[in-house]
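Visitor: Pasting model-v2.cif below, which is mmCIF, C-alpha atoms.
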```cif
data_entry
#
loop_
_atom_site.label_atom_id
_atom_site.label_comp_id
_atom_site.auth_asym_id
_atom_site.auth_seq_id
_atom_site.Cartn_x
_atom_site.Cartn_y
_atom_site.Cartn_z
CA MET E 35 31.92 -9.04 -29.31
CA SER E 36 28.94 -7.30 -27.77
CA SER E 37 27.48 -8.66 -24.55
CA PRO E 38 23.98 -10.20 -24.69
CA ALA E 39 21.10 -7.86 -23.94
CA ARG E 40 20.00 -7.88 -20.33
CA ILE E 41 16.56 -9.36 -19.80
CA PRO E 42 14.57 -7.27 -17.31
CA PRO E 43 12.69 -9.07 -14.53
CA ALA E 44 9.11 -10.12 -15.21
CA ALA E 45 6.03 -9.61 -13.07
CA ASP E 46 2.52 -10.95 -13.26
CA VAL E 47 -0.13 -8.41 -12.29
CA VAL E 48 -3.07 -9.56 -10.11
CA ILE E 49 -6.12 -7.29 -9.81
CA VAL E 50 -9.10 -8.12 -7.58
CA ASN E 51 -12.28 -6.45 -8.79
CA TRP E 52 -15.63 -5.84 -7.14
CA ASN E 53 -17.99 -3.36 -8.78
CA THR E 54 -15.35 -0.78 -9.73
CA GLY E 55 -17.02 0.28 -12.98
CA ARG E 56 -14.76 2.16 -15.39
CA HIS E 57 -11.86 2.23 -12.95
CA LEU E 58 -10.77 -1.32 -13.82
CA ARG E 59 -10.59 -0.40 -17.51
CA ASP E 60 -8.63 2.77 -16.68
CA CYS E 61 -6.22 0.71 -14.56
CA LEU E 62 -5.60 -1.80 -17.35
CA ARG E 63 -5.01 0.96 -19.87
CA ALA E 64 -2.48 2.56 -17.53
CA VAL E 65 -0.58 -0.73 -17.20
CA GLY E 66 -0.65 -1.12 -20.98
CA ARG E 67 0.82 2.39 -21.45
CA ALA E 68 3.53 1.94 -18.82
CA ASP E 69 7.24 1.90 -19.65
CA ARG E 70 8.09 -1.77 -19.17
CA SER E 71 11.73 -1.59 -20.22
CA GLU E 72 12.98 -2.30 -16.66
CA LEU E 73 10.11 -4.48 -15.46
CA ARG E 74 8.20 -6.64 -17.91
CA VAL E 75 4.54 -7.56 -17.45
CA ALA E 76 4.14 -11.20 -18.46
CA GLN E 77 0.40 -11.36 -17.89
CA ILE E 78 -2.50 -9.77 -16.04
CA VAL E 79 -4.92 -11.83 -13.95
CA VAL E 80 -8.22 -10.19 -13.01
CA VAL E 81 -10.15 -11.98 -10.28
CA ASP E 82 -13.72 -10.74 -10.09
CA ASN E 83 -15.57 -11.24 -6.80
CA ALA E 84 -19.07 -11.59 -8.23
CA SER E 85 -19.47 -8.02 -9.48
CA SER E 86 -22.96 -6.92 -10.45
CA ASP E 87 -21.92 -3.97 -12.61
CA ASP E 88 -20.33 -3.73 -16.06
CA SER E 89 -16.73 -3.46 -14.85
CA LEU E 90 -15.64 -6.56 -16.80
CA SER E 91 -16.82 -5.25 -20.15
CA GLY E 92 -14.45 -3.79 -22.72
CA LEU E 93 -11.20 -4.74 -21.01
CA ASP E 94 -8.11 -3.73 -23.00
CA THR E 95 -4.56 -4.64 -21.96
CA ALA E 96 -2.66 -3.37 -25.04
CA GLY E 97 -1.60 -6.87 -26.02
CA ILE E 98 -0.58 -8.11 -22.57
CA PRO E 99 -2.00 -11.63 -21.99
CA LEU E 100 -5.11 -11.43 -19.83
CA GLN E 101 -6.88 -14.00 -17.69
CA VAL E 102 -10.24 -13.27 -16.09
CA VAL E 103 -11.47 -15.39 -13.18
CA ARG E 104 -15.12 -14.96 -12.22
CA ASN E 105 -16.14 -15.98 -8.72
CA THR E 106 -19.80 -16.75 -8.19
CA ALA E 107 -19.64 -15.21 -4.70
CA ASN E 108 -17.50 -12.57 -3.04
CA ARG E 109 -14.65 -14.55 -1.50
CA GLY E 110 -12.93 -11.54 0.01
CA PHE E 111 -9.79 -9.69 -1.03
CA ALA E 112 -7.14 -11.99 0.46
CA ALA E 113 -8.66 -15.18 -0.94
CA ALA E 114 -9.12 -13.63 -4.39
CA CYS E 115 -5.50 -12.43 -4.39
CA ASN E 116 -4.38 -15.97 -3.62
CA GLN E 117 -6.52 -17.23 -6.50
CA GLY E 118 -4.80 -14.88 -8.86
CA ALA E 119 -1.32 -15.64 -7.50
CA ALA E 120 -1.91 -19.35 -8.08
CA ARG E 121 -2.03 -18.57 -11.81
CA CYS E 122 1.25 -16.67 -11.81
CA GLY E 123 4.57 -18.04 -13.01
CA SER E 124 6.86 -15.02 -13.06
CA ALA E 125 9.47 -14.15 -10.46
CA LEU E 126 7.42 -11.22 -9.18
CA ILE E 127 3.73 -10.64 -8.47
CA LEU E 128 2.27 -7.13 -8.50
CA PHE E 129 -1.01 -6.87 -6.61
CA LEU E 130 -2.71 -3.80 -7.99
CA ASN E 131 -5.99 -2.23 -6.94
CA PRO E 132 -8.45 -1.56 -9.77
CA ASP E 133 -8.82 2.06 -8.61
CA THR E 134 -5.14 2.78 -9.30
CA GLU E 135 -3.40 4.09 -12.41
CA PRO E 136 0.38 3.72 -12.35
CA TYR E 137 2.24 6.63 -13.92
CA PRO E 138 4.04 5.71 -17.16
CA ASP E 139 7.42 5.53 -15.39
CA ALA E 140 6.26 3.71 -12.24
CA LEU E 141 7.21 0.19 -13.33
CA ARG E 142 10.53 1.42 -14.68
CA ALA E 143 11.36 3.01 -11.30
CA VAL E 144 10.60 -0.20 -9.43
CA GLY E 145 12.56 -2.27 -11.95
CA ARG E 146 15.61 -0.06 -11.52
CA PHE E 147 15.42 -0.40 -7.76
CA LEU E 148 15.30 -4.19 -8.04
CA ARG E 149 18.69 -4.13 -9.78
CA SER E 150 20.30 -2.13 -6.97
CA PRO E 151 22.24 -3.69 -4.06
CA ALA E 152 19.66 -2.24 -1.68
CA ALA E 153 17.09 -4.71 -3.05
CA ASP E 154 19.00 -7.80 -1.96
CA THR E 155 17.09 -8.11 1.32
CA ILE E 156 13.82 -6.60 0.12
CA GLY E 157 10.87 -8.89 -0.49
CA ILE E 158 8.07 -6.34 -1.00
CA CYS E 159 8.04 -3.00 -2.86
CA GLY E 160 5.48 -0.22 -3.01
CA GLY E 161 5.10 3.12 -4.73
CA ARG E 162 4.06 6.68 -3.99
CA MET E 163 0.28 7.07 -3.94
CA VAL E 164 -0.95 10.42 -5.25
CA ASP E 165 -4.32 12.00 -5.99
CA GLU E 166 -5.50 13.40 -9.31
CA HIS E 167 -3.45 16.57 -8.69
CA GLY E 168 -0.27 14.67 -7.85
CA ARG E 169 -0.51 15.38 -4.12
CA PRO E 170 0.84 12.56 -1.92
CA GLY E 171 -1.56 10.20 -0.18
CA ILE E 172 -1.10 7.22 2.13
CA SER E 173 1.69 5.07 0.73
CA CYS E 174 3.12 3.16 3.69
CA SER E 175 2.45 2.52 7.35
CA ARG E 176 3.92 1.46 10.66
CA PHE E 177 3.10 -1.97 11.99
CA PRO E 178 0.01 -1.51 14.18
CA SER E 179 0.47 -1.47 17.93
CA LEU E 180 -1.83 -0.85 20.88
CA ARG E 181 -0.21 2.56 21.34
CA ILE E 182 -0.97 3.47 17.74
CA PHE E 183 -4.63 2.53 18.11
CA VAL E 184 -4.93 4.40 21.42
CA GLY E 185 -3.48 7.49 19.76
CA LYS E 186 -5.77 7.20 16.76
CA THR E 187 -8.88 6.69 18.89
CA THR E 188 -8.19 9.55 21.30
CA GLY E 189 -6.59 12.01 18.88
CA LEU E 190 -3.32 11.88 20.80
CA ASP E 191 -1.51 10.90 17.60
CA ARG E 192 -2.04 14.49 16.47
CA LEU E 193 -1.27 16.13 19.83
CA LEU E 194 1.68 13.92 20.87
CA PRO E 195 2.94 12.16 17.74
CA SER E 196 6.30 11.38 19.36
CA VAL E 197 4.52 9.35 22.04
CA PHE E 198 1.57 8.10 19.99
CA PRO E 199 2.87 7.77 16.41
CA PRO E 200 0.25 7.79 13.66
CA HIS E 201 -0.44 4.52 11.90
CA HIS E 202 0.23 5.85 8.41
CA LEU E 203 3.41 7.68 7.52
CA ARG E 204 2.83 11.36 6.86
CA PRO E 205 3.77 12.91 3.48
CA ALA E 206 6.80 14.55 5.11
CA GLU E 207 8.06 11.07 6.00
CA THR E 208 7.80 9.77 2.43
CA THR E 209 9.81 12.33 0.46
CA ALA E 210 12.57 9.82 -0.27
CA SER E 211 12.78 6.10 -0.99
CA ARG E 212 13.39 4.04 2.15
CA ARG E 213 12.73 0.84 4.03
CA VAL E 214 9.38 0.86 5.81
CA ASP E 215 7.35 -1.49 7.96
CA GLN E 216 4.81 -2.00 5.19
CA VAL E 217 3.59 -0.53 1.94
CA ILE E 218 -0.14 -0.35 1.30
CA GLY E 219 -1.78 -3.06 -0.75
CA ALA E 220 -2.92 -0.81 -3.61
CA PHE E 221 0.47 -1.31 -5.30
CA PHE E 222 2.14 -4.30 -3.67
CA LEU E 223 5.01 -5.99 -5.52
CA VAL E 224 6.25 -9.19 -3.88
CA ARG E 225 8.73 -11.92 -4.80
CA ARG E 226 6.71 -14.95 -5.80
CA SER E 227 9.07 -17.33 -3.97
CA LEU E 228 8.53 -15.34 -0.76
CA PHE E 229 4.77 -15.23 -1.28
CA THR E 230 4.80 -19.02 -1.75
CA GLU E 231 6.95 -19.59 1.34
CA LEU E 232 4.50 -17.54 3.40
CA ASP E 233 1.51 -19.46 1.96
CA GLY E 234 0.15 -16.24 0.52
CA PHE E 235 -2.28 -13.91 2.22
CA ASP E 236 -4.09 -15.21 5.28
CA GLU E 237 -7.64 -15.73 4.03
CA ARG E 238 -9.17 -15.07 7.42
CA TYR E 239 -8.84 -11.39 6.54
CA PHE E 240 -11.85 -10.73 4.32
CA LEU E 241 -10.77 -7.12 3.81
CA TYR E 242 -8.04 -4.98 5.43
CA PHE E 243 -4.79 -5.93 7.23
CA GLU E 244 -3.96 -8.84 4.94
CA GLU E 245 -0.94 -6.99 3.49
CA THR E 246 0.10 -5.83 6.97
CA ASP E 247 0.10 -9.41 8.19
CA LEU E 248 2.09 -10.60 5.17
CA ALA E 249 4.68 -7.81 5.50
CA LEU E 250 5.26 -8.65 9.16
CA ARG E 251 5.61 -12.37 8.45
CA ALA E 252 8.05 -11.55 5.64
CA LEU E 253 10.15 -9.41 7.98
CA GLN E 254 10.21 -12.20 10.56
CA ILE E 255 12.07 -14.40 8.08
CA GLY E 256 14.44 -11.69 6.96
CA TRP E 257 12.69 -9.89 4.08
CA GLY E 258 11.89 -6.20 4.38
CA SER E 259 9.52 -3.81 2.61
CA TYR E 260 10.68 -0.82 0.56
CA TYR E 261 8.97 2.37 -0.52
CA VAL E 262 10.04 3.53 -4.00
CA GLN E 263 9.33 7.25 -4.00
CA GLN E 264 9.83 7.62 -7.78
CA ALA E 265 7.12 5.05 -8.56
CA ARG E 266 4.05 7.30 -8.63
CA VAL E 267 0.59 5.74 -8.68
CA HIS E 268 -2.69 7.64 -8.95
CA HIS E 269 -4.84 6.04 -6.25
CA ILE E 270 -8.49 7.01 -5.93
CA GLY E 271 -9.14 4.78 -2.92
CA GLY E 272 -12.33 3.30 -1.49
CA VAL E 273 -14.13 2.71 -4.80
CA SER E 274 -15.26 -0.75 -3.72
CA SER E 275 -15.27 -0.44 0.07
CA SER E 276 -17.27 2.81 0.05
CA GLN E 277 -20.23 0.77 -1.21
CA LEU E 278 -20.34 -1.26 2.02
CA GLY E 279 -21.65 1.33 4.49
CA GLY E 280 -21.41 0.09 8.08
CA GLU E 281 -20.09 -3.24 6.84
CA ARG E 282 -16.84 -1.50 5.90
CA LEU E 283 -16.24 -0.51 9.53
CA ARG E 284 -17.15 -3.96 10.82
CA LEU E 285 -14.71 -5.66 8.47
CA SER E 286 -11.93 -3.28 9.48
CA LEU E 287 -12.56 -3.87 13.18
CA CYS E 288 -12.68 -7.64 12.76
CA SER E 289 -9.50 -7.71 10.68
CA ARG E 290 -7.48 -5.64 13.11
CA CYS E 291 -8.69 -7.87 15.93
CA LEU E 292 -7.49 -10.93 14.01
CA TYR E 293 -4.14 -9.24 13.47
CA ALA E 294 -3.79 -8.41 17.16
CA PHE E 295 -4.56 -11.95 18.34
CA ARG E 296 -2.15 -13.35 15.81
CA HIS E 297 0.83 -11.09 16.47
CA TRP E 298 0.44 -9.45 19.90
CA PRO E 299 0.65 -10.80 23.44
CA PRO E 300 -2.83 -11.82 24.67
CA GLY E 301 -3.13 -8.96 27.15
CA ARG E 302 -2.58 -6.32 24.47
CA ALA E 303 -4.96 -8.04 22.08
CA TRP E 304 -7.73 -8.06 24.67
CA SER E 305 -6.94 -4.44 25.52
CA LEU E 306 -7.60 -3.58 21.89
CA VAL E 307 -10.94 -5.39 22.09
CA ALA E 308 -11.83 -3.36 25.19
CA LEU E 309 -10.84 -0.12 23.44
CA THR E 310 -12.89 -1.10 20.40
CA LEU E 311 -16.01 -1.72 22.49
CA THR E 312 -15.82 1.33 24.77
CA VAL E 313 -13.84 4.48 23.97
CA GLU E 314 -13.81 4.18 20.21
CA PRO E 315 -17.54 3.73 19.51
CA ALA E 316 -18.38 6.53 21.96
CA ALA E 317 -16.02 8.86 20.10
CA ARG E 318 -17.36 7.89 16.67
CA LEU E 319 -21.01 8.19 17.63
CA THR E 320 -20.41 11.53 19.34
CA ARG E 321 -18.63 12.87 16.28
CA ALA E 322 -21.46 11.71 14.02
CA ALA E 323 -24.02 13.38 16.29
CA LEU E 324 -22.07 16.65 16.32
CA ARG E 325 -21.92 16.56 12.54
CA ARG E 326 -25.65 15.86 12.42
CA SER E 327 -25.02 12.95 10.08
CA PRO E 328 -27.66 10.22 10.49
CA THR E 329 -25.87 8.06 7.90
CA GLU E 330 -22.53 8.25 9.71
CA PHE E 331 -24.23 7.56 13.05
CA ARG E 332 -26.14 4.58 11.64
CA ASP E 333 -23.05 3.13 9.93
CA ALA E 334 -20.98 3.46 13.11
CA LEU E 335 -23.67 1.81 15.22
CA SER E 336 -24.06 -0.98 12.67
CA GLY E 337 -20.30 -1.51 12.41
CA TYR E 338 -19.67 -1.87 16.15
CA TRP E 339 -22.76 -3.98 16.71
CA GLY E 340 -21.66 -6.27 13.90
CA PHE E 341 -18.17 -6.49 15.38
CA LEU E 342 -19.55 -7.44 18.80
CA HIS E 343 -21.79 -10.08 17.23
CA TRP E 344 -18.82 -11.52 15.31
CA LEU E 345 -16.62 -11.46 18.42
CA LEU E 346 -19.13 -13.44 20.45
CA GLU E 347 -19.46 -16.04 17.71
CA GLN E 348 -15.74 -16.55 17.22
CA GLY E 349 -14.70 -17.78 20.66
CA LEU E 350 -11.31 -16.10 20.26
CA PRO E 351 -8.27 -17.90 21.70
CA HIS E 352 -6.25 -16.34 24.49
CA GLY E 353 -3.62 -15.12 22.03
CA HIS E 354 -1.45 -17.17 19.71
CA ARG E 355 1.87 -16.65 18.05
CA HIS E 356 2.03 -19.55 15.61
CA ARG E 357 2.33 -19.24 11.87
CA PRO E 358 -0.85 -20.67 10.28
CA SER E 359 -1.01 -21.97 6.74
CA ALA E 360 -3.72 -20.82 4.37
CA SER E 361 -5.78 -23.49 2.64
CA SER E 362 -7.78 -23.34 -0.53
CA THR E 363 -10.97 -23.16 1.53
CA GLY E 364 -9.81 -20.22 3.56
CA SER E 365 -9.61 -22.05 6.90
CA VAL E 366 -6.33 -21.44 8.67
CA GLY E 367 -4.60 -23.15 11.54
CA ASP E 368 -2.17 -25.86 12.56
CA GLY E 369 -4.22 -27.35 15.33
CA SER E 370 -2.22 -25.66 18.10
CA ASP E 371 -5.13 -23.47 19.17
CA THR E 372 -8.65 -22.50 18.31
CA PRO E 373 -8.75 -21.48 14.64
CA LEU E 374 -10.46 -18.27 13.66
CA ALA E 375 -12.96 -18.50 10.84
CA PRO E 376 -12.64 -16.27 7.78
CA LEU E 377 -14.62 -13.06 7.89
CA PRO E 378 -17.95 -13.52 6.12
CA ASP E 379 -19.12 -11.96 2.90
CA PRO E 380 -20.69 -8.51 3.35
CA GLY E 381 -24.27 -8.93 4.47
CA ARG E 382 -23.87 -12.57 5.49
CA ARG E 383 -23.72 -14.05 8.96
CA PRO E 384 -20.46 -15.86 9.87
CA ARG E 385 -20.50 -19.54 9.06
CA HIS E 386 -17.90 -21.93 10.44
CA GLY E 387 -16.46 -24.48 8.05
CA ALA E 388 -18.16 -23.07 4.99
CA ALA E 389 -16.94 -24.50 1.74
CA SER E 390 -15.39 -22.28 -0.89
CA PRO E 391 -17.85 -21.07 -3.51
CA PRO E 392 -17.53 -22.47 -7.01
CA VAL E 393 -15.36 -20.65 -9.50
CA SER E 394 -15.79 -20.29 -13.24
CA ASP E 395 -13.04 -19.06 -15.56
CA THR E 396 -14.00 -16.98 -18.55
CA GLY E 397 -12.42 -14.58 -20.95
CA VAL E 398 -8.93 -16.14 -21.05
CA ARG E 399 -6.95 -14.41 -23.77
CA GLY E 400 -3.37 -15.03 -24.75
CA SER E 401 -0.96 -17.41 -23.10
CA PRO E 402 0.04 -17.14 -19.45
CA GLY E 403 3.45 -15.67 -18.74
CA ALA E 404 6.35 -18.08 -19.02
CA ARG E 405 8.11 -19.01 -15.83
CA HIS E 406 11.39 -17.12 -15.48
CA GLN E 407 14.30 -18.19 -13.30
CA TRP E 408 15.67 -15.65 -10.87
CA ALA E 409 19.13 -15.60 -12.48
CA THR E 410 17.64 -14.84 -15.89
CA ASP E 411 15.41 -12.15 -14.44
CA GLY E 412 18.27 -10.46 -12.66
CA VAL E 413 16.53 -10.57 -9.27
CA PRO E 414 18.16 -12.58 -6.45
CA PRO E 415 16.18 -15.51 -5.07
CA ALA E 416 14.62 -15.68 -1.65
CA PRO E 417 16.80 -17.53 0.83
CA GLY E 418 16.19 -21.19 1.52
CA GLY E 419 16.08 -22.80 4.89
CA ARG E 420 13.45 -23.97 7.29
CA ARG E 421 10.24 -22.11 7.75
CA ARG E 422 9.68 -20.52 11.10
CA THR E 423 6.74 -21.70 13.11
#
```
Would it be possible to restate this file's structure as structure tokens?

Guide:
Amino acid sequence: MSSPARIPPAADVVIVNWNTGRHLRDCLRAVGRADRSELRVAQIVVVDNASSDDSLSGLDTAGIPLQVVRNTANRGFAAACNQGAARCGSALILFLNPDTEPYPDALRAVGRFLRSPAADTIGICGGRMVDEHGRPGISCSRFPSLRIFVGKTTGLDRLLPSVFPPHHLRPAETTASRRVDQVIGAFFLVRRSLFTELDGFDERYFLYFEETDLALRALQIGWGSYYVQQARVHHIGGVSSSQLGGERLRLSLCSRCLYAFRHWPPGRAWSLVALTLTVEPAARLTRAALRRSPTEFRDALSGYWGFLHWLLEQGLPHGHRHRPSASSTGSVGDGSDTPLAPLPDPGRRPRHGAASPPVSDTGVRGSPGARHQWATDGVPPAPGGRRRT
């Protein structure tokens, strides 16, 4: 008697879109063409953060059930990801950037890894980011530290990499699959049970560092991140964020400051603030002047001025190490210290206690993916036990 056919694990794909034009359609077509024999795609959820272009027109998923959620305002990347995850029922969630195109064998490579013993303690998987010529890009990173930021700001990460390691792993460090601190959020596969236990992405991060924060919190409860070298993904990068100008820099600075105050000792967090307000802006502005780039100079000035304005409004606590819980409104905190407000929408001033913008759902096609048990999917469950605070 023949044994029953093995059912491959299922993943729901969540894509957050903001004015990405044709790239969203290209991404969906790539998912539809992918070899899904080792990793099934139960459904795709597109969360649109109030795009003003035609990126939602003509979406084709090659028969994969599709849900489209339209936000009436830009809620930020982390909050939109959580919106999409709330609609997922499969054992795995793949957060995919709209400016990515997975290679046909990318999902198969990840699915095969998930069946290996090495995956038993892995909660997050990522792939190999490449450009249009197949050359490797940024795929994974080290957890940020004050030393890393000092090296990046001063250029010492290039002169003395053994003392000041670069933030992102170099191509020479990603030639084989391995455990890493974190994989980048462009292709971010996470166990849904782990994502739920961690209360999803921290919505205080409007853009940047939300996946870094999640990967660190996952590691703190015993779940690592893994880079699957065979899972190639064409990643253009910056399609949405490049439209922000100086706001892009401000959001990055604010997010890394939030990360530092959440996970570092207070002295190191404040040292990062000092570095951000002194050495770093001087270096950026000098470089822009030497390049004779008025746009770069203006964007840098705007970014650091915006960061300073935000910093003064926040009233940051003197460091905290607790584990906040994300709410549907984006406010985070357990009352043990001063909560930090979510980063504002691009172009808006920070507002404390702002309510979440209304959401309208349109374009729902097909039925959402059925919920699959871990044993059926062939992927081990996340461990139980008390949550760490």

Visitor: Taking the file as shown, find all residues satisfying the PyMOL selection byres ((chain E and resi 43-57) around 7) and write them as an MDAnalysis selection string.

Guide: chainID E and resid 41:42 58:61 73:89 111 114:115 118:119 122 124:133 273:274 411:413

Visitor: Go ahead and compute the interatomic distance for atom CA of Gly123 of chain E and atom CA of Phe177 of chain E, in Å to one decimal.

Guide: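 Taking atom CA of Gly123 of chain E as the start and atom CA of Phe177 of chain E as the end point, the length is 29.8 Å.
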
Visitor: For a cut-off of 10 Å around (2.9, -16.6, 1.6), file coordinates, pick out all residues using only C-alpha atoms and list them as a PyMOL selection string.

Guide: chain E and resi 116+224-236+248-249+251-252+359-360

Visitor: Quick check on the file I pasted: which residues fall under the PyMOL selection byres ((chain E and resi 207) around 12)? Write them as a ChimeraX atom specification.

Guide: /E:162,170-176,200,202-206,208-214,261,263

Visitor: With distances taken over only C-alpha atoms, which of E:Phe295, E:Phe331, E:Phe222, E:Tyr242 is nearest to Thr134 of chain E?

Guide: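 Nearest candidate to Thr134 of chain E out of E:Phe295, E:Phe331, E:Phe222, E:Tyr242: E:Phe222.
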
Visitor: For this structure, which residues satisfy the selection - the PyMOL selection byres ((chain E and resi 178-192) around 8) - when it is evaluated on the file as given? I want them as number ranges by chain.

Guide: E: 176-177, 193-195, 197-201, 302-303, 305-306, 309, 313-314, 317

Visitor: Counting all atoms listed in the file, which of E:Val262, E:Ala112, E:Cys159, E:Ile255 gets nearest to Phe243 of chain E?

Guide: E:Ala112

Visitor: Set up a box along x, y and z of the file covering all listed atoms of segment 74-84 of chain E, add 8 Å on every one of the six sides, and write the centre and edge lengths in Å to one decimal, as JSON.

Guide:
```
{"center_x": -5.4, "center_y": -9.3, "center_z": -12.6, "size_x": 43.3, "size_y": 21.3, "size_z": 27.7}
```
